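The data block below is query-v2.txt; it holds compact mmCIF, C-alpha atoms.
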```txt
# COMPACT_ATOMS: atom_id res chain seq x y z
CA MET A 408 -94.79 -25.94 119.97
CA LEU A 409 -91.07 -26.66 120.11
CA ILE A 410 -89.50 -29.97 119.05
CA VAL A 411 -85.91 -30.62 120.13
CA GLU A 412 -84.80 -33.76 118.31
CA ASP A 413 -81.51 -34.50 116.54
CA GLU A 414 -82.96 -37.18 114.25
CA GLU A 415 -84.00 -34.94 111.36
CA ARG A 416 -86.31 -37.43 109.67
CA LEU A 417 -88.18 -38.23 112.88
CA ALA A 418 -88.48 -34.54 113.76
CA ALA A 419 -89.81 -33.75 110.26
CA ASN A 420 -92.44 -36.52 110.51
CA ILE A 421 -93.61 -35.36 113.93
CA ALA A 422 -93.70 -31.70 112.86
CA ALA A 423 -95.69 -32.53 109.70
CA ALA A 424 -98.26 -34.49 111.72
CA LEU A 425 -98.61 -31.72 114.30
CA ARG A 426 -99.07 -29.08 111.60
CA GLU A 427 -101.33 -31.02 109.23
CA ARG A 428 -103.47 -33.01 111.68
CA SER A 429 -103.62 -30.63 114.65
CA GLY A 430 -102.87 -27.21 113.12
CA TYR A 431 -100.01 -26.37 115.49
CA ALA A 432 -97.20 -23.98 114.67
CA VAL A 433 -93.97 -25.95 115.16
CA ASP A 434 -90.37 -24.87 115.68
CA TRP A 435 -87.49 -27.35 115.59
CA ALA A 436 -84.00 -27.49 117.04
CA ASP A 437 -81.54 -30.36 116.54
CA ASP A 438 -79.25 -29.41 119.42
CA GLY A 439 -79.98 -29.28 123.15
CA LEU A 440 -78.33 -25.92 123.74
CA ALA A 441 -80.15 -24.32 120.81
CA GLY A 442 -83.42 -25.87 121.98
CA ALA A 443 -82.94 -24.56 125.52
CA ALA A 444 -82.32 -21.04 124.16
CA MET A 445 -85.44 -21.20 121.96
CA ALA A 446 -87.51 -22.46 124.89
CA GLU A 447 -86.36 -19.48 126.93
CA ASP A 448 -87.04 -16.92 124.18
CA GLY A 449 -90.43 -18.14 122.93
CA HIS A 450 -93.95 -18.67 124.24
CA TYR A 451 -94.68 -22.34 123.55
CA ASP A 452 -97.75 -24.44 124.35
CA LEU A 453 -95.58 -27.56 124.68
CA LEU A 454 -91.94 -28.67 124.64
CA LEU A 455 -91.36 -32.03 122.93
CA LEU A 456 -87.84 -33.14 123.83
CA ASP A 457 -85.68 -36.06 122.82
CA LEU A 458 -83.70 -37.38 125.78
CA MET A 459 -80.35 -37.96 124.07
CA LEU A 460 -79.26 -34.72 122.41
CA PRO A 461 -75.95 -33.11 121.48
CA GLY A 462 -74.91 -30.11 123.57
CA LEU A 463 -77.46 -30.58 126.35
CA ASP A 464 -79.68 -33.59 126.91
CA GLY A 465 -83.44 -33.50 127.41
CA LEU A 466 -83.13 -33.89 131.17
CA GLY A 467 -80.85 -30.85 131.28
CA ILE A 468 -83.37 -28.80 129.31
CA VAL A 469 -86.15 -29.85 131.69
CA ARG A 470 -84.10 -28.73 134.68
CA ARG A 471 -83.27 -25.36 133.08
CA VAL A 472 -86.90 -24.71 132.16
CA ARG A 473 -88.24 -25.56 135.59
CA ALA A 474 -85.43 -23.71 137.41
CA ARG A 475 -86.68 -20.41 136.00
CA GLY A 476 -90.27 -21.14 137.02
CA ASP A 477 -91.54 -21.97 133.53
CA ALA A 478 -94.54 -24.34 133.77
CA THR A 479 -94.79 -25.11 130.01
CA PRO A 480 -95.87 -28.76 129.57
CA ILE A 481 -92.95 -31.05 128.64
CA LEU A 482 -93.17 -34.41 126.87
CA ILE A 483 -89.96 -36.47 126.68
CA LEU A 484 -89.14 -38.97 123.93
CA THR A 485 -86.75 -41.67 125.12
CA ALA A 486 -85.44 -45.05 124.06
CA ARG A 487 -85.10 -46.03 127.73
CA ASP A 488 -87.93 -47.27 129.92
CA GLU A 489 -86.18 -48.22 133.17
CA ARG A 490 -88.21 -47.31 136.24
CA GLU A 491 -85.45 -45.26 137.94
CA HIS A 492 -84.82 -43.34 134.74
CA VAL A 493 -88.52 -42.48 134.33
CA VAL A 494 -88.77 -41.41 137.98
CA GLU A 495 -85.78 -39.09 137.49
CA LEU A 496 -87.42 -37.45 134.46
CA LEU A 497 -90.73 -36.90 136.25
CA ASN A 498 -89.06 -35.63 139.42
CA ALA A 499 -87.09 -33.12 137.35
CA GLY A 500 -90.36 -31.67 136.04
CA ALA A 501 -91.27 -33.59 132.86
CA ASP A 502 -95.06 -34.02 132.51
CA ASP A 503 -95.07 -37.18 130.42
CA TYR A 504 -92.80 -39.45 128.41
CA MET A 505 -93.03 -41.87 125.49
CA THR A 506 -90.58 -44.59 124.59
CA LYS A 507 -89.32 -45.04 121.03
CA PRO A 508 -90.67 -46.39 118.77
CA PHE A 509 -94.08 -44.85 119.43
CA ASP A 510 -97.44 -44.55 117.72
CA LEU A 511 -97.84 -41.15 116.07
CA GLY A 512 -101.57 -41.03 116.81
CA GLU A 513 -100.92 -41.60 120.49
CA LEU A 514 -98.28 -38.85 120.45
CA LEU A 515 -100.78 -36.38 118.98
CA ALA A 516 -103.40 -37.34 121.57
CA ARG A 517 -100.94 -36.89 124.43
CA THR A 518 -99.73 -33.51 123.17
CA LYS A 519 -103.33 -32.24 122.99
CA ALA A 520 -104.08 -33.48 126.50
CA LEU A 521 -100.94 -31.85 127.92
CA ILE A 522 -101.69 -28.55 126.21
CA ARG A 523 -105.24 -28.52 127.57
CA ARG A 524 -103.97 -29.37 131.04
CA GLY A 525 -101.31 -26.67 130.79
CA LYS A 526 -104.02 -24.11 130.11
CA GLY A 527 -106.07 -25.33 133.07
CA VAL A 528 -108.62 -27.12 130.88
CA SER A 529 -109.19 -30.82 131.43
CA ARG A 530 -111.87 -31.33 128.80
CA ALA A 531 -111.94 -30.91 125.03
CA LEU A 532 -115.03 -28.64 124.95
CA LEU A 533 -114.59 -24.92 125.64
CA SER A 534 -117.53 -22.53 125.96
CA VAL A 535 -117.82 -18.76 126.22
CA GLY A 536 -121.24 -17.21 125.78
CA ARG A 537 -123.09 -19.24 123.16
CA VAL A 538 -119.86 -20.17 121.38
CA SER A 539 -118.36 -23.61 121.95
CA VAL A 540 -115.09 -25.00 120.60
CA ASN A 541 -114.36 -28.71 120.40
CA SER A 542 -110.56 -28.93 120.39
CA VAL A 543 -110.57 -32.61 119.36
CA GLU A 544 -112.89 -32.20 116.37
CA GLN A 545 -111.62 -28.61 115.80
CA THR A 546 -115.17 -27.38 115.27
CA VAL A 547 -116.92 -24.21 116.42
CA ARG A 548 -120.62 -23.89 117.15
CA CYS A 549 -122.87 -21.03 118.14
CA GLY A 550 -126.12 -22.15 119.76
CA GLY A 551 -125.63 -25.58 118.19
CA SER A 552 -125.00 -24.31 114.64
CA LEU A 553 -121.60 -24.81 113.03
CA ILE A 554 -119.52 -21.72 112.20
CA ASP A 555 -117.21 -22.13 109.21
CA LEU A 556 -113.78 -20.72 110.12
CA SER A 557 -110.46 -20.81 108.33
CA PRO A 558 -107.69 -22.77 110.10
CA THR A 559 -106.06 -19.55 111.32
CA GLU A 560 -109.36 -18.06 112.51
CA TYR A 561 -110.09 -21.28 114.39
CA ARG A 562 -106.72 -21.28 116.14
CA ILE A 563 -107.08 -17.62 117.16
CA LEU A 564 -110.51 -18.29 118.66
CA GLU A 565 -109.40 -21.51 120.38
CA TYR A 566 -106.40 -19.76 121.97
CA LEU A 567 -108.53 -16.88 123.23
CA MET A 568 -111.17 -19.33 124.50
CA TYR A 569 -108.53 -20.94 126.70
CA ARG A 570 -108.05 -17.53 128.37
CA PRO A 571 -111.40 -15.67 128.40
CA ARG A 572 -111.21 -12.07 129.65
CA ALA A 573 -107.39 -12.24 129.82
CA VAL A 574 -105.30 -9.87 127.70
CA VAL A 575 -103.32 -11.84 125.11
CA SER A 576 -100.48 -9.87 123.59
CA ARG A 577 -100.11 -9.69 119.82
CA LYS A 578 -96.63 -11.26 120.08
CA GLU A 579 -97.93 -14.18 122.14
CA LEU A 580 -100.74 -14.81 119.67
CA LEU A 581 -98.37 -14.65 116.69
CA GLU A 582 -95.93 -17.06 118.32
CA HIS A 583 -98.80 -19.49 118.91
CA LEU A 584 -100.01 -19.23 115.31
CA TYR A 585 -96.76 -19.29 113.37
CA ASP A 586 -93.26 -20.74 113.49
CA TYR A 587 -90.06 -19.07 114.70
CA ASN A 588 -90.20 -16.54 111.83
CA TRP A 589 -93.56 -15.19 112.94
CA GLU A 590 -92.53 -11.56 112.32
CA ARG A 591 -93.26 -11.87 108.60
CA HIS A 592 -96.92 -12.66 109.43
CA SER A 593 -97.41 -9.78 111.86
CA ASN A 594 -99.23 -7.55 109.36
CA VAL A 595 -102.06 -10.04 108.72
CA ILE A 596 -103.14 -10.85 112.27
CA GLU A 597 -105.63 -7.97 112.48
CA ALA A 598 -107.25 -9.10 109.23
CA HIS A 599 -107.82 -12.60 110.65
CA VAL A 600 -109.25 -11.17 113.87
CA SER A 601 -111.53 -8.86 111.89
CA ASN A 602 -112.87 -11.76 109.80
CA LEU A 603 -113.41 -13.82 112.94
CA ARG A 604 -115.42 -11.00 114.53
CA LYS A 605 -117.63 -10.75 111.44
CA LYS A 606 -118.35 -14.49 111.43
CA LEU A 607 -119.25 -14.48 115.12
CA ARG A 608 -121.61 -11.53 114.62
CA ALA A 609 -123.18 -13.19 111.56
CA ALA A 610 -123.92 -16.23 113.73
CA GLY A 611 -125.75 -13.97 116.19
CA GLU A 612 -123.10 -14.17 118.89
CA GLU A 613 -122.45 -11.19 121.16
CA THR A 614 -119.10 -12.49 122.42
CA ALA A 615 -116.58 -9.84 121.39
CA ILE A 616 -112.87 -9.92 120.61
CA GLU A 617 -111.66 -6.60 121.93
CA THR A 618 -108.52 -4.90 120.58
CA LEU A 619 -106.52 -3.13 123.28
CA ARG A 620 -104.16 -0.69 121.59
CA GLY A 621 -100.55 -1.47 122.40
CA ARG A 622 -101.55 -4.45 124.59
CA GLY A 623 -103.24 -7.11 122.46
CA TYR A 624 -106.63 -8.82 122.39
CA ARG A 625 -109.22 -9.92 124.91
CA LEU A 626 -112.21 -12.23 124.53
CA GLU A 627 -115.20 -10.74 126.34
CA ALA A 628 -118.35 -12.75 127.04
CA PRO A 629 -121.79 -11.09 126.80
CA ALA A 630 -122.82 -9.19 129.93
CA ARG A 631 -125.32 -11.93 130.85
CA ASP A 632 -122.46 -14.40 131.21
CA LEU A 633 -120.19 -12.20 133.35
```
What does this structure look like when you write it as structure tokens?
Amino acid sequence: MLIVEDEERLAANIAAALRERSGYAVDWADDGLAGAAMAEDGHYDLLLLDLMLPGLDGLGIVRRVRARGDATPILILTARDEREHVVELLNAGADDYMTKPFDLGELLARTKALIRRGKGVSRALLSVGRVSVNSVEQTVRCGGSLIDLSPTEYRILEYLMYRPRAVVSRKELLEHLYDYNWERHSNVIEAHVSNLRKKLRAAGEETAIETLRGRGYRLEAPARDL
């Protein structure tokens, strides 16, 4: 997730909540031009933009993102709530907005809903084979029994569950899991995937996480579910 907000304290509070309560990897930019460049370079689940920014305002970022065909969900934070202003934001391509000051719990709920919607999932429960993931509770079950996963293992599985049978590149997965300096974590991703496979097998689940050399990973459901 990318936060573009020039109020450092507010950005830090939002980022901490997103990391600690929801387990998201969060990048931050305090300038609109820098934020627009990061949005173009990275694979983000959500863009959280302040409206009034130095360099380029939030509306300008929205227009740039949508002009290149990027459908990443966008949530705008604004101190203004005039009807015409809101209509302009939504017409430019913003998905939602919140006026300052806002409730942090509501912000977290809205970000989760936008991310699910952006992945084509309207509900919190994802299922592949006998494995189900509850993205609100952040729990994983196999045939009704809980599977104990580490936070990183959970986030890998959840991301793959959003895109069953699709090839997810290693770079895309790393950018989802870690912040802008994800390269330093690149040598541990296979270990997390390996541990996740073992836990799924131990729970009696045939759903497989396939490694495609040079391409990435793919979540394959058992043959009976294809």
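Around stretch 556-564 of chain A, within 9 Å and counting only C-alpha atoms, the residues found are Gly430, Tyr431, Val540, Gln545, Thr546, Val547, Leu580, His583, Leu584, His599, Val600, Asn602, Leu603, Lys606, Ile616 and Leu626 of chain A, once anything fewer than 6 positions away on its own chain is removed.
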Please produce an output containing C-alpha atoms for each residue in the selection, written as a compact mmCIF listing (two decimals), in the coordinates of the input.
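That gives us part_0.txt:
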```
# COMPACT_ATOMS: atom_id res chain seq x y z
CA GLY A 430 -102.87 -27.21 113.12
CA TYR A 431 -100.01 -26.37 115.49
CA VAL A 540 -115.09 -25.00 120.60
CA GLN A 545 -111.62 -28.61 115.80
CA THR A 546 -115.17 -27.38 115.27
CA VAL A 547 -116.92 -24.21 116.42
CA LEU A 580 -100.74 -14.81 119.67
CA HIS A 583 -98.80 -19.49 118.91
CA LEU A 584 -100.01 -19.23 115.31
CA HIS A 599 -107.82 -12.60 110.65
CA VAL A 600 -109.25 -11.17 113.87
CA ASN A 602 -112.87 -11.76 109.80
CA LEU A 603 -113.41 -13.82 112.94
CA LYS A 606 -118.35 -14.49 111.43
CA ILE A 616 -112.87 -9.92 120.61
CA LEU A 626 -112.21 -12.23 124.53
```
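In this model, the gap between atom CA of A:Val411 and atom CA of A:Ala501 comes to 14.1 Å.
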Could you write out as lines of an AutoDock Vina configuration file the box around stretch 436-449 of chain A (axis-aligned, all atoms listed in the file, 3 Å on each side), with centre and edge lengths in Å to one decimal?
```
center_x = -84.4
center_y = -23.6
center_z = 121.7
size_x = 18.1
size_y = 19.4
size_z = 16.4
```
If I put a ball of radius 9 Å at (-94.6, -31.0, 113.7) in the file's coordinates, which residues poke into it when counting only C-alpha atoms, written as a list in words? Met408, Leu409, Ile410, Ala418, Ala419, Asn420, Ile421, Ala422, Ala423, Ala424, Leu425, Arg426, Glu427, Tyr431, Ala432, Val433, Asp434 and Trp435 of chain A
Best match for closeness to A:Cys549 among A:Leu607, A:Ala478, A:Val575, A:Leu458, counting only C-alpha atoms: A:Leu607
Neighbour residues at most 10 Å from (-83.6, -40.7, 127.4) (only C-alpha atoms) as a ChimeraX atom specification: /A:456-460,464-466,483-489,492-493,496,504-507
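Among A:Pro480, A:Gly623, A:Gly551, A:Gly536, the residue with the shortest atom-to-atom distance to A:Ala520, counting only C-alpha atoms, is A:Pro480.
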Closest of A:Ala615, A:Ala628, A:Ile481, A:Val574 to A:Arg524, counting all atoms listed in the file, is A:Ile481
Using all atoms listed in the file, which residues sit within 8 Å of A:Thr518 once same-chain residues fewer than 4 positions away are excluded, as a VMD selection string? chain A and resid 453 482 514 522
What does the structure give for the distance between atom CA of A:Thr618 and atom CA of A:Glu597, in Å to one decimal? 9.1 Å
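Between A:Leu567 and the residues A:Leu515, A:Ala598, A:Ile554, A:Val535, the shortest atom-to-atom distance, using all atoms listed in the file, involves A:Val535.
As for atom CA of A:Arg625 and atom CA of A:Pro571, they are spaced 7.1 Å apart.
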Near A:Ala446, counting all atoms listed in the file, which residues have an atom at most 10 Å away, once you skip same-chain residues fewer than 2 positions from it, shown as a list in words? Met408, Leu409, Ile410, Val411, Asp434, Ala436, Leu440, Ala441, Gly442, Ala443, Ala444, Asp448, Gly449, His450, Tyr451, Leu453, Leu454, Ile468, Arg471, Val472, Asp477 and Thr479 of chain A
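The nearest approach to A:Val538 among the residues A:Phe509, A:Glu612, A:Val494, A:Asp437, with only C-alpha atoms taken into account, belongs to A:Glu612.
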For A:Gly467, which residue among A:Met568, A:Leu532, A:Leu553, A:Ala499 is the nearest when counting only C-alpha atoms? A:Ala499
